[in-house]
Structures are given as C-alpha cells and as structure tokens.
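A.B. asks: What follows is a structure written as structure tokens; I'll ask about it next.
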Amino acid sequence: SVLLYQKPNRDICQSGTSLKIQCVADSQVVSMFWYQQFQEQSLMLMATANEGSEATYESGFTKDKFPISRPNLTFSTLTVNNARPGDSSIYFCSSRDTAGTGQLYFGEGSKLTVL
Amino acid sequence: SQWGEENLQALSIQEGEDVTMNCSYKTYTTVVQWYRQKSGKGPALIILIRSNEREKRSGRLRATLDTSSQSSSLSITGTLATDTAVYFCATDAGTGGYKVVFGSGTRLLVSP
C-alpha cells in the first residue's frame, strides 16, 4: 500500500487568485491521479500525472486552469488558477496499486473554498 | 462527461438491517471496485470483484457482478452505525484500463 499526504487540508481564497495543493507519497509511484469532488457528488477524474511528462487531462479540465507538476516519483502539485466559486470542492490525489489489486489509494483531500 | 455526475442517492436504515446498493457502469471493465468514504476522508477500497467472478464475499460485504448487463451490487448484512458512509463503485477506464472512474454513489445512514 501507499500513503498519500496532502497539503493544505483546507483553504479559503478570493476569486481570481491561484492556489497550490501538494501531494506527497511515502513510496515511489508511477502515476498520480487527481480527482475533484463537489459536495454531495462523486469523484471526477481530472488528470493523470507521470514523472517528467505533461499531465494528461480528462474532458472538462485543462492545463491552463489546473496545471499539474510531477517532478519526481513521490511528489505532485495541483494548481487552481484564476479560482472561481465554482471551483470550490475537495481535491484528492491518488495512486494505483499496479502490483496487486489495482485499487486506488487516496490522500485525505484538500477542501478549497473560493469566495 | 464522466460517469457519476449525478448527486448522491441517499439511504437511511436502522442498525441490524441489510442493505443493497446497485451500480450500472457504461464501458467494459475487468474489475469493479467498491469504495467507502467516511466523512472528511478519502475513499478506501472495501471489496473488488473481477469480470470472471459473479460474486465475492468479504465479512459482511457481498458484491455481485453481471457483465452482460454491466451492473454490480454491494450488499451489507447486519449493518452497524459505523457503516454510515458514502459508497461508490468504480471501474477501469481509458486505454489499457489504467485509469479509474467512479459511479454516482450512495450516502448510507445507519441509525443505532
């Protein structure tokens, strides 16, 4: 298994500003995934981030709005640019167990509120 | 759009009752995973069932899979108040099935 730590746990920011969310794994992982979860809704896959390459974004998510960096096998950052109230949600990083069950492991989430 | 964009379904039951949650998925998958998300936490896998299995049990949990109808169910027997959580099914997606996408989810409230 892998443990994922996210920072910050929660943040409040003003519209138009940018916010950075960090994710650290306790062991090396090939891919990290970022999910967005609005209140009372499911998790939406935003992007897949592999070391040293540009993240791959899902429909509805762009690198200009949500740039993701993956400088090494244990670290990733998600930035929310030009934040709007509609970006208020919880953001999760996760990684997949590729050697065993294929399950996802998640961080505890970063709750973003945009005023 | 992604699968699972609807709001959570809500179920409210009494402790000791049995409950079944259903999931219909859209695309081919080799495995259906069921996750439980407690308040303020990330989801955690509770059971998975592969495409060559029709039923899988783990303690009080039972998952079924019908690949012909692309549907799965999760049953919990003898529920406890600690089973209160949101439950999601999830399937493989993308080329090679490496990504995981989530269904719409059920918020289960188990009252003592």
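Residue numbering restarts at 1 for every chain of the structure tokens, chains are lettered A, B, ... in their displayed order, and ligands are numbered from 1 as they appear.
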Within 6 Å of chain B, which residues of chain A are there when counting only C-alpha atoms? Please give them as number ranges by chain.
C.D. replies: A: 40-42, 106-108
A.B. asks: Using only C-alpha atoms, which residues sit within 10 Å of region 63-72 of chain B once same-chain residues fewer than 2 positions away are excluded, as number ranges by chain?
C.D. replies: B: 20-34, 47-58, 61, 74-76, 89
A.B. asks: Given the selection you just returned, output its residues as a file containing N, CA, C and O atoms, formatted as a short mmCIF file (atom, residue, chain, number, x, y, z; two decimals), in the first residue's frame.
C.D. replies:
data_model
loop_
_atom_site.label_atom_id
_atom_site.label_comp_id
_atom_site.auth_asym_id
_atom_site.auth_seq_id
_atom_site.Cartn_x
_atom_site.Cartn_y
_atom_site.Cartn_z
N THR B 20 -28.69 -3.16 0.15
CA THR B 20 -28.05 -3.43 -1.14
C THR B 20 -28.00 -2.15 -1.95
O THR B 20 -29.01 -1.43 -2.04
N MET B 21 -26.85 -1.88 -2.51
CA MET B 21 -26.65 -0.72 -3.37
C MET B 21 -26.29 -1.21 -4.75
O MET B 21 -25.52 -2.17 -4.88
N ASN B 22 -26.82 -0.56 -5.76
CA ASN B 22 -26.61 -1.00 -7.12
C ASN B 22 -25.77 -0.01 -7.92
O ASN B 22 -25.73 1.19 -7.62
N CYS B 23 -25.15 -0.53 -8.93
CA CYS B 23 -24.26 0.28 -9.77
C CYS B 23 -24.37 -0.23 -11.20
O CYS B 23 -24.23 -1.43 -11.44
N SER B 24 -24.63 0.68 -12.12
CA SER B 24 -24.59 0.35 -13.54
C SER B 24 -23.46 1.12 -14.18
O SER B 24 -23.35 2.33 -13.96
N TYR B 25 -22.61 0.44 -14.90
CA TYR B 25 -21.47 1.11 -15.49
C TYR B 25 -21.58 1.11 -17.01
O TYR B 25 -22.32 0.32 -17.60
N LYS B 26 -20.82 2.01 -17.63
CA LYS B 26 -21.06 2.29 -19.05
C LYS B 26 -20.13 1.55 -20.00
O LYS B 26 -20.50 1.28 -21.13
N THR B 27 -18.91 1.31 -19.56
CA THR B 27 -17.94 0.75 -20.50
C THR B 27 -17.36 -0.54 -19.97
O THR B 27 -17.44 -0.85 -18.79
N TYR B 28 -16.69 -1.27 -20.86
CA TYR B 28 -16.09 -2.54 -20.48
C TYR B 28 -15.07 -2.33 -19.36
O TYR B 28 -14.32 -1.36 -19.37
N THR B 29 -15.09 -3.24 -18.42
CA THR B 29 -14.10 -3.19 -17.34
C THR B 29 -13.74 -4.60 -16.93
O THR B 29 -14.55 -5.52 -17.05
N THR B 30 -12.53 -4.78 -16.46
CA THR B 30 -12.10 -6.09 -15.99
C THR B 30 -12.36 -6.26 -14.50
O THR B 30 -12.24 -7.37 -13.98
N VAL B 31 -12.70 -5.16 -13.85
CA VAL B 31 -12.91 -5.23 -12.41
C VAL B 31 -13.85 -4.11 -11.98
O VAL B 31 -13.83 -3.02 -12.55
N VAL B 32 -14.69 -4.40 -11.01
CA VAL B 32 -15.49 -3.36 -10.36
C VAL B 32 -15.00 -3.25 -8.92
O VAL B 32 -14.90 -4.25 -8.21
N GLN B 33 -14.68 -2.05 -8.55
CA GLN B 33 -14.20 -1.80 -7.20
C GLN B 33 -15.28 -1.04 -6.43
O GLN B 33 -15.93 -0.16 -6.99
N TRP B 34 -15.42 -1.35 -5.19
CA TRP B 34 -16.36 -0.63 -4.31
C TRP B 34 -15.55 0.08 -3.23
O TRP B 34 -14.71 -0.54 -2.55
N ILE B 47 -14.09 -3.74 -1.26
CA ILE B 47 -14.20 -5.02 -1.94
C ILE B 47 -14.07 -4.78 -3.43
O ILE B 47 -14.48 -3.72 -3.92
N LEU B 48 -13.48 -5.73 -4.13
CA LEU B 48 -13.46 -5.65 -5.58
C LEU B 48 -13.85 -6.99 -6.16
O LEU B 48 -13.64 -8.03 -5.54
N ILE B 49 -14.42 -6.95 -7.33
CA ILE B 49 -14.88 -8.16 -8.00
C ILE B 49 -14.43 -8.10 -9.45
O ILE B 49 -14.59 -7.08 -10.12
N ARG B 50 -13.83 -9.17 -9.91
CA ARG B 50 -13.27 -9.21 -11.26
C ARG B 50 -14.30 -9.76 -12.24
O ARG B 50 -15.27 -10.41 -11.86
N SER B 51 -14.05 -9.53 -13.50
CA SER B 51 -15.03 -9.85 -14.54
C SER B 51 -15.30 -11.35 -14.67
O SER B 51 -16.33 -11.75 -15.22
N ASN B 52 -14.40 -12.17 -14.14
CA ASN B 52 -14.62 -13.62 -14.20
C ASN B 52 -15.30 -14.15 -12.93
O ASN B 52 -15.43 -15.37 -12.76
N GLU B 53 -15.71 -13.25 -12.07
CA GLU B 53 -16.41 -13.62 -10.84
C GLU B 53 -17.85 -13.11 -10.91
O GLU B 53 -18.09 -12.01 -11.39
N ARG B 54 -18.76 -13.87 -10.35
CA ARG B 54 -20.15 -13.41 -10.28
C ARG B 54 -20.47 -12.91 -8.88
O ARG B 54 -21.39 -12.11 -8.71
N GLU B 55 -19.72 -13.39 -7.91
CA GLU B 55 -19.99 -13.00 -6.54
C GLU B 55 -18.69 -13.02 -5.76
O GLU B 55 -17.82 -13.84 -5.99
N LYS B 56 -18.58 -12.09 -4.80
CA LYS B 56 -17.41 -12.02 -3.95
C LYS B 56 -17.88 -11.63 -2.57
O LYS B 56 -18.72 -10.74 -2.42
N ARG B 57 -17.35 -12.30 -1.58
CA ARG B 57 -17.73 -12.00 -0.21
C ARG B 57 -16.52 -11.63 0.62
O ARG B 57 -15.43 -12.15 0.42
N SER B 58 -16.75 -10.72 1.55
CA SER B 58 -15.71 -10.33 2.48
C SER B 58 -16.40 -9.90 3.77
O SER B 58 -16.97 -8.81 3.85
N LEU B 61 -19.78 -8.07 3.78
CA LEU B 61 -19.94 -7.49 2.44
C LEU B 61 -20.10 -8.58 1.40
O LEU B 61 -19.47 -9.64 1.47
N LEU B 74 -23.60 -4.09 -4.24
CA LEU B 74 -22.90 -4.26 -2.98
C LEU B 74 -23.95 -4.43 -1.90
O LEU B 74 -24.83 -3.59 -1.76
N SER B 75 -23.85 -5.52 -1.17
CA SER B 75 -24.77 -5.77 -0.06
C SER B 75 -23.99 -5.77 1.25
O SER B 75 -22.87 -6.28 1.30
N ILE B 76 -24.60 -5.20 2.26
CA ILE B 76 -24.04 -5.23 3.61
C ILE B 76 -25.09 -5.88 4.49
O ILE B 76 -26.25 -5.43 4.54
N CYS B 89 -19.11 2.76 -6.53
CA CYS B 89 -18.48 1.75 -7.36
C CYS B 89 -17.55 2.46 -8.33
O CYS B 89 -17.72 3.67 -8.60
#
A.B. asks: Report, in Å to a single decimal, how far apart CA of Cys93 (chain A) and CA of Phe33 (chain A) are.
C.D. replies: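 It comes out at 5.6 Å.
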A.B. asks: Between A:Asn81, A:Thr113, A:Ser94, A:Gln103, which has the minimum distance to Thr91 (chain B) (counting only C-alpha atoms)?
C.D. replies: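 Using only C-alpha atoms, the shortest distance to Thr91 (chain B) belongs to A:Gln103.
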A.B. asks: List the neighbours of Arg70 (chain A) out to 9 Å using only C-alpha atoms; skip same-chain residues closer than 3 positions along the sequence, and give me the result as a ChimeraX atom specification.
C.D. replies: /A:32,49-55,73-77
A.B. asks: Please extract the residues of region 31-97 of chain A with a backbone DSSP assignment of strand (DSSP E) and present them as a ChimeraX atom specification.
C.D. replies: /A:31-37,43-50,56-57,68-72,75-80,89-96
A.B. asks: What lies within 8 Å of Pro67 (chain A) using only C-alpha atoms, ignoring chain neighbours under 5 positions off, as a ChimeraX atom specification?
C.D. replies: /A:62,78-81
A.B. asks: Here is a test: counting only C-alpha atoms, which residue of B:Arg62, B:Gly96, B:Glu17, B:Leu11 is nearest to Thr79 (chain B)?
C.D. replies: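 Among B:Arg62, B:Gly96, B:Glu17, B:Leu11, it is B:Glu17 that comes nearest to Thr79 (chain B).
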